[in-house]
Amino acid sequence: MSSSGSGSCCGGGGPVKGFCPFSLFLFAATAGTYLYARTMKSDSSDREDGGGKSESAAKEDSAEPYTVVFVLGGPGSGKGTQCELLSSRLDFAHLSAGDLLRAERNSGSELADLINSKIAAGQIVPAEITVDLLEGGMAKERKESGRTKFLIDGFPRSEGNVSVWDERLTATGKADVKFVLFLDCPEDTMTGRLLERGKSSGRNDDKLDVIRKRFETFRGESMPIVERYETKGKVRKVKADRAIEDVYKDVSKLMEGL
């Protein structure tokens, strides 16, 4: 693929190659929006519990760690389908990073516009937001059902995702990631599945132009994550361009003993 130029992304011919003041501004604005919303939420919680840690939060800190399997694969590889089967047939709870983000987007919160713009562009939402939603989802599931084993699909998708997860959940002993389940599927198969789903899903990321951007993002940011875990011996690959039950048969065997 040919390059469009070696200057800055703003199109100028500045002396520093690759530097884009506008991108820096967008990054700062995104981070500022998230931090503001997080601070307001934290201040509200402090007022509700008198500024101290609530009893439920204290119990959460001392609880047994979550057992986690990350489920990765390209858009349309069947992550959600396999997770739903595993959740209904085995003792696993299923959390979809994408579904949590879409729910937050539709909630009308301070972060809704930011999340919506990222998803619509096929880009990755800031890691702090995604990890917050996942941690909250796991805590809610444990409280409501008592389940502590989780399939988390569509996460981690970037180095930032891994760093924030490790800082918040691995280093603190709150979660133990057993392995990464990678559903390996050709892009032409995934494209066909997404276009078919788009006929009825109403999702703005199931359109062809966005699908292509999602594949680019997956190749550039998510595949290095798969490779990173592979060097640690933590990746289990399953061919996903087969019948659903055939894929499930192989996937379910990997869950034995967890």
# chains A, B, ... in the order shown; residues from 1 in each chain; ligands from 1

$ residues_around --residues "Glu104 of chain A" --least-positions-apart "3" --cutoff "12 Å" --atoms "only C-alpha atoms" --output "number ranges by chain"
A: 97-101, 107-116, 119, 125, 129-130, 132-134, 136-137

$ residues_around --residues "Arg147 of chain A" --least-positions-apart "5" --cutoff "9 Å" --atoms "only C-alpha atoms" --output "PDB file with N, CA and C atoms, in the first residue's frame"
ATOM      1  N   TYR A  66     -12.206 -13.287  39.995  1.00  0.00           N
ATOM      2  CA  TYR A  66     -12.984 -13.773  38.873  1.00  0.00           C
ATOM      3  C   TYR A  66     -12.124 -14.685  38.010  1.00  0.00           C
ATOM      4  N   ASP A  91     -21.425 -23.194  33.199  1.00  0.00           N
ATOM      5  CA  ASP A  91     -21.579 -22.223  34.288  1.00  0.00           C
ATOM      6  C   ASP A  91     -20.707 -20.986  34.074  1.00  0.00           C
ATOM      7  N   PHE A  92     -20.890 -20.348  32.935  1.00  0.00           N
ATOM      8  CA  PHE A  92     -20.145 -19.129  32.633  1.00  0.00           C
ATOM      9  C   PHE A  92     -21.124 -17.979  32.410  1.00  0.00           C
ATOM     10  N   ALA A  93     -20.735 -16.801  32.873  1.00  0.00           N
ATOM     11  CA  ALA A  93     -21.478 -15.593  32.535  1.00  0.00           C
ATOM     12  C   ALA A  93     -20.801 -14.970  31.318  1.00  0.00           C
ATOM     13  N   MET A 138     -19.139  -7.424  35.875  1.00  0.00           N
ATOM     14  CA  MET A 138     -18.786  -8.617  36.637  1.00  0.00           C
ATOM     15  C   MET A 138     -19.284  -8.519  38.079  1.00  0.00           C
ATOM     16  N   GLU A 141     -23.017  -9.145  38.101  1.00  0.00           N
ATOM     17  CA  GLU A 141     -23.341 -10.553  37.878  1.00  0.00           C
ATOM     18  C   GLU A 141     -23.078 -11.378  39.140  1.00  0.00           C
ATOM     19  N   ARG A 142     -21.956 -11.124  39.804  1.00  0.00           N
ATOM     20  CA  ARG A 142     -21.650 -11.864  41.029  1.00  0.00           C
ATOM     21  C   ARG A 142     -22.724 -11.594  42.101  1.00  0.00           C
TER      22      ARG A 142
END

$ atom_distance --atom1 "atom CA of Lys149 of chain A" --atom2 "atom CA of His94 of chain A"
8.7 Å

$ residues_around --residues "Arg242 of chain A" --least-positions-apart "3" --cutoff "12 Å" --atoms "only C-alpha atoms" --output "JSON, numbers by chain"
{"A": [77, 78, 183, 184, 185, 186, 189, 190, 238, 239, 245, 246, 247, 248, 249, 250]}

$ select_by_dssp --residues "segment 213-257 of chain A" --states "helix (DSSP H, G or I)" --output "PyMOL selection string"
chain A and resi 213-231+244-254

$ closest_residue --among "A:Thr191, A:Asn161, A:Ser96, A:Thr172" --to "Asp241 of chain A" --atoms "only C-alpha atoms"
A:Thr191

$ residues_around --residues "Gly74 of chain A" --least-positions-apart "2" --cutoff "12 Å" --atoms "only C-alpha atoms" --output "PyMOL selection string"
chain A and resi 71-72+76-80+153-155+157+182-191+193-194+211-223+226+240-241

$ write_last_selection --atoms "N, CA and C atoms" --output "short mmCIF file (atom, residue, chain, number, x, y, z; two decimals), in the first residue's frame"
data_model
loop_
_atom_site.label_atom_id
_atom_site.label_comp_id
_atom_site.auth_asym_id
_atom_site.auth_seq_id
_atom_site.Cartn_x
_atom_site.Cartn_y
_atom_site.Cartn_z
N VAL A 71 -12.38 -13.73 24.82
CA VAL A 71 -12.77 -14.33 23.55
C VAL A 71 -12.54 -13.31 22.44
N LEU A 72 -11.59 -13.60 21.57
CA LEU A 72 -11.23 -12.67 20.51
C LEU A 72 -11.40 -13.32 19.13
N GLY A 76 -17.57 -10.58 13.26
CA GLY A 76 -18.31 -11.59 12.52
C GLY A 76 -17.73 -13.00 12.62
N SER A 77 -16.77 -13.20 13.52
CA SER A 77 -16.15 -14.52 13.65
C SER A 77 -17.01 -15.48 14.48
N GLY A 78 -18.03 -14.95 15.15
CA GLY A 78 -18.92 -15.81 15.93
C GLY A 78 -18.68 -15.75 17.43
N LYS A 79 -18.02 -14.71 17.90
CA LYS A 79 -17.71 -14.60 19.34
C LYS A 79 -18.98 -14.62 20.19
N GLY A 80 -19.94 -13.76 19.81
CA GLY A 80 -21.16 -13.67 20.59
C GLY A 80 -21.95 -14.97 20.57
N ASP A 153 -16.11 -11.23 25.64
CA ASP A 153 -15.84 -11.23 24.20
C ASP A 153 -15.61 -9.82 23.66
N GLY A 154 -14.70 -9.75 22.68
CA GLY A 154 -14.35 -8.46 22.08
C GLY A 154 -13.41 -7.63 22.92
N PHE A 155 -12.68 -8.28 23.82
CA PHE A 155 -11.75 -7.58 24.70
C PHE A 155 -10.66 -8.57 25.12
N ARG A 157 -8.75 -5.33 22.96
CA ARG A 157 -8.57 -5.06 21.54
C ARG A 157 -7.39 -4.14 21.25
N PHE A 182 -9.28 -17.71 20.67
CA PHE A 182 -9.25 -16.97 19.41
C PHE A 182 -10.00 -17.73 18.34
N LEU A 183 -11.08 -17.11 17.84
CA LEU A 183 -11.87 -17.72 16.78
C LEU A 183 -11.32 -17.25 15.44
N ASP A 184 -10.67 -18.16 14.75
CA ASP A 184 -9.96 -17.86 13.51
C ASP A 184 -10.89 -18.04 12.32
N CYS A 185 -11.14 -16.93 11.59
CA CYS A 185 -12.12 -16.97 10.50
C CYS A 185 -11.67 -16.05 9.38
N PRO A 186 -11.79 -16.49 8.10
CA PRO A 186 -11.41 -15.65 6.96
C PRO A 186 -12.26 -14.39 6.87
N GLU A 187 -11.68 -13.30 6.38
CA GLU A 187 -12.40 -12.03 6.31
C GLU A 187 -13.60 -12.08 5.37
N ASP A 188 -13.51 -12.84 4.27
CA ASP A 188 -14.66 -12.89 3.36
C ASP A 188 -15.86 -13.56 4.02
N THR A 189 -15.60 -14.57 4.83
CA THR A 189 -16.69 -15.22 5.57
C THR A 189 -17.29 -14.27 6.60
N MET A 190 -16.43 -13.56 7.32
CA MET A 190 -16.91 -12.61 8.33
C MET A 190 -17.70 -11.47 7.69
N THR A 191 -17.24 -11.00 6.53
CA THR A 191 -17.95 -9.92 5.85
C THR A 191 -19.35 -10.36 5.47
N ARG A 193 -21.19 -12.63 6.87
CA ARG A 193 -22.01 -12.76 8.07
C ARG A 193 -22.49 -11.39 8.56
N LEU A 194 -21.59 -10.41 8.55
CA LEU A 194 -21.93 -9.08 9.05
C LEU A 194 -22.96 -8.39 8.16
N ILE A 211 -17.47 -1.86 8.20
CA ILE A 211 -16.89 -3.20 8.33
C ILE A 211 -15.43 -3.19 7.90
N ARG A 212 -15.14 -2.53 6.79
CA ARG A 212 -13.76 -2.46 6.31
C ARG A 212 -12.86 -1.76 7.31
N LYS A 213 -13.37 -0.69 7.91
CA LYS A 213 -12.59 0.03 8.93
C LYS A 213 -12.37 -0.84 10.15
N ARG A 214 -13.38 -1.63 10.50
CA ARG A 214 -13.26 -2.52 11.66
C ARG A 214 -12.20 -3.59 11.41
N PHE A 215 -12.14 -4.11 10.19
CA PHE A 215 -11.11 -5.09 9.86
C PHE A 215 -9.71 -4.47 9.95
N GLU A 216 -9.59 -3.24 9.46
CA GLU A 216 -8.30 -2.55 9.54
C GLU A 216 -7.88 -2.36 10.99
N THR A 217 -8.82 -1.94 11.82
CA THR A 217 -8.53 -1.76 13.24
C THR A 217 -8.16 -3.08 13.89
N PHE A 218 -8.89 -4.13 13.53
CA PHE A 218 -8.60 -5.45 14.11
C PHE A 218 -7.20 -5.93 13.74
N ARG A 219 -6.86 -5.81 12.45
CA ARG A 219 -5.53 -6.25 12.03
C ARG A 219 -4.42 -5.43 12.68
N GLY A 220 -4.63 -4.12 12.76
CA GLY A 220 -3.58 -3.25 13.25
C GLY A 220 -3.43 -3.21 14.76
N GLU A 221 -4.55 -3.37 15.50
CA GLU A 221 -4.48 -3.22 16.96
C GLU A 221 -4.80 -4.48 17.74
N SER A 222 -5.71 -5.30 17.25
CA SER A 222 -6.12 -6.48 18.01
C SER A 222 -5.24 -7.70 17.76
N MET A 223 -4.83 -7.93 16.51
CA MET A 223 -3.99 -9.09 16.23
C MET A 223 -2.67 -9.06 16.99
N VAL A 226 -3.35 -10.63 20.28
CA VAL A 226 -3.41 -12.09 20.20
C VAL A 226 -2.00 -12.66 20.17
N ALA A 240 -13.20 -21.07 12.94
CA ALA A 240 -14.58 -20.62 13.15
C ALA A 240 -15.38 -20.49 11.86
N ASP A 241 -14.85 -20.94 10.74
CA ASP A 241 -15.60 -20.87 9.48
C ASP A 241 -16.32 -22.20 9.22
#

$ atom_distance --atom1 "atom CA of Leu254 of chain A" --atom2 "atom CA of Arg236 of chain A"
7.9 Å

$ closest_residue --among "A:Leu95, A:Ala103, A:Val177, A:Ala120" --to "Leu208 of chain A" --atoms "only C-alpha atoms"
A:Ala120

$ residues_around --residues "Ala171 of chain A" --least-positions-apart "6" --cutoff "12 Å" --atoms "only C-alpha atoms" --output "MDAnalysis selection string"
chainID A and resid 65 162:165 177

$ atom_distance --atom1 "atom CA of Leu169 of chain A" --atom2 "atom CA of Thr81 of chain A"
26.1 Å

$ select_by_dssp --residues "segment 58-99 of chain A" --states "strand (DSSP E or B)" --output "PyMOL selection string"
chain A and resi 66-73+93-96

$ decode --residues "segment 107-131 of chain A" --atoms "N, CA and C atoms" --output "PDB file, in the first residue's frame"
ATOM      1  N   SER A 107     -27.690   5.083  26.955  1.00  0.00           N
ATOM      2  CA  SER A 107     -28.177   5.474  28.281  1.00  0.00           C
ATOM      3  C   SER A 107     -28.324   6.980  28.430  1.00  0.00           C
ATOM      4  N   GLY A 108     -27.728   7.740  27.504  1.00  0.00           N
ATOM      5  CA  GLY A 108     -27.790   9.191  27.612  1.00  0.00           C
ATOM      6  C   GLY A 108     -26.800   9.772  28.600  1.00  0.00           C
ATOM      7  N   SER A 109     -25.787   8.987  28.991  1.00  0.00           N
ATOM      8  CA  SER A 109     -24.791   9.467  29.950  1.00  0.00           C
ATOM      9  C   SER A 109     -23.855  10.480  29.300  1.00  0.00           C
ATOM     10  N   GLU A 110     -22.953  11.035  30.119  1.00  0.00           N
ATOM     11  CA  GLU A 110     -21.999  12.020  29.608  1.00  0.00           C
ATOM     12  C   GLU A 110     -21.087  11.436  28.530  1.00  0.00           C
ATOM     13  N   LEU A 111     -20.915  10.119  28.562  1.00  0.00           N
ATOM     14  CA  LEU A 111     -19.986   9.468  27.638  1.00  0.00           C
ATOM     15  C   LEU A 111     -20.654   8.978  26.358  1.00  0.00           C
ATOM     16  N   ALA A 112     -21.964   9.114  26.269  1.00  0.00           N
ATOM     17  CA  ALA A 112     -22.709   8.522  25.151  1.00  0.00           C
ATOM     18  C   ALA A 112     -22.220   9.009  23.791  1.00  0.00           C
ATOM     19  N   ASP A 113     -22.045  10.313  23.639  1.00  0.00           N
ATOM     20  CA  ASP A 113     -21.633  10.864  22.344  1.00  0.00           C
ATOM     21  C   ASP A 113     -20.245  10.378  21.954  1.00  0.00           C
ATOM     22  N   LEU A 114     -19.337  10.336  22.916  1.00  0.00           N
ATOM     23  CA  LEU A 114     -17.976   9.871  22.649  1.00  0.00           C
ATOM     24  C   LEU A 114     -17.980   8.419  22.198  1.00  0.00           C
ATOM     25  N   ILE A 115     -18.694   7.565  22.932  1.00  0.00           N
ATOM     26  CA  ILE A 115     -18.755   6.148  22.586  1.00  0.00           C
ATOM     27  C   ILE A 115     -19.398   5.954  21.219  1.00  0.00           C
ATOM     28  N   ASN A 116     -20.473   6.671  20.956  1.00  0.00           N
ATOM     29  CA  ASN A 116     -21.182   6.543  19.685  1.00  0.00           C
ATOM     30  C   ASN A 116     -20.283   6.908  18.509  1.00  0.00           C
ATOM     31  N   SER A 117     -19.516   7.988  18.647  1.00  0.00           N
ATOM     32  CA  SER A 117     -18.648   8.423  17.548  1.00  0.00           C
ATOM     33  C   SER A 117     -17.550   7.406  17.276  1.00  0.00           C
ATOM     34  N   LYS A 118     -17.009   6.783  18.325  1.00  0.00           N
ATOM     35  CA  LYS A 118     -15.960   5.785  18.155  1.00  0.00           C
ATOM     36  C   LYS A 118     -16.496   4.527  17.472  1.00  0.00           C
ATOM     37  N   ILE A 119     -17.642   4.038  17.946  1.00  0.00           N
ATOM     38  CA  ILE A 119     -18.226   2.827  17.374  1.00  0.00           C
ATOM     39  C   ILE A 119     -18.613   3.050  15.911  1.00  0.00           C
ATOM     40  N   ALA A 120     -19.222   4.198  15.627  1.00  0.00           N
ATOM     41  CA  ALA A 120     -19.661   4.490  14.264  1.00  0.00           C
ATOM     42  C   ALA A 120     -18.490   4.568  13.297  1.00  0.00           C
ATOM     43  N   ALA A 121     -17.308   4.955  13.802  1.00  0.00           N
ATOM     44  CA  ALA A 121     -16.124   5.067  12.963  1.00  0.00           C
ATOM     45  C   ALA A 121     -15.309   3.781  12.936  1.00  0.00           C
ATOM     46  N   GLY A 122     -15.777   2.742  13.645  1.00  0.00           N
ATOM     47  CA  GLY A 122     -15.047   1.484  13.689  1.00  0.00           C
ATOM     48  C   GLY A 122     -13.775   1.564  14.507  1.00  0.00           C
ATOM     49  N   GLN A 123     -13.713   2.540  15.427  1.00  0.00           N
ATOM     50  CA  GLN A 123     -12.518   2.751  16.241  1.00  0.00           C
ATOM     51  C   GLN A 123     -12.700   2.163  17.637  1.00  0.00           C
ATOM     52  N   ILE A 124     -11.591   2.113  18.388  1.00  0.00           N
ATOM     53  CA  ILE A 124     -11.610   1.561  19.728  1.00  0.00           C
ATOM     54  C   ILE A 124     -11.898   2.659  20.745  1.00  0.00           C
ATOM     55  N   VAL A 125     -12.835   2.388  21.640  1.00  0.00           N
ATOM     56  CA  VAL A 125     -13.209   3.329  22.699  1.00  0.00           C
ATOM     57  C   VAL A 125     -12.081   3.371  23.732  1.00  0.00           C
ATOM     58  N   PRO A 126     -11.817   4.524  24.368  1.00  0.00           N
ATOM     59  CA  PRO A 126     -10.781   4.612  25.397  1.00  0.00           C
ATOM     60  C   PRO A 126     -10.860   3.477  26.410  1.00  0.00           C
ATOM     61  N   ALA A 127      -9.706   2.893  26.727  1.00  0.00           N
ATOM     62  CA  ALA A 127      -9.651   1.677  27.538  1.00  0.00           C
ATOM     63  C   ALA A 127     -10.277   1.847  28.914  1.00  0.00           C
ATOM     64  N   GLU A 128     -10.104   3.006  29.531  1.00  0.00           N
ATOM     65  CA  GLU A 128     -10.634   3.217  30.877  1.00  0.00           C
ATOM     66  C   GLU A 128     -12.152   3.046  30.917  1.00  0.00           C
ATOM     67  N   ILE A 129     -12.817   3.501  29.873  1.00  0.00           N
ATOM     68  CA  ILE A 129     -14.277   3.383  29.807  1.00  0.00           C
ATOM     69  C   ILE A 129     -14.679   1.911  29.718  1.00  0.00           C
ATOM     70  N   THR A 130     -14.041   1.174  28.817  1.00  0.00           N
ATOM     71  CA  THR A 130     -14.393  -0.234  28.611  1.00  0.00           C
ATOM     72  C   THR A 130     -14.136  -1.063  29.860  1.00  0.00           C
ATOM     73  N   VAL A 131     -12.989  -0.868  30.496  1.00  0.00           N
ATOM     74  CA  VAL A 131     -12.664  -1.646  31.697  1.00  0.00           C
ATOM     75  C   VAL A 131     -13.621  -1.303  32.831  1.00  0.00           C
TER      76      VAL A 131
END
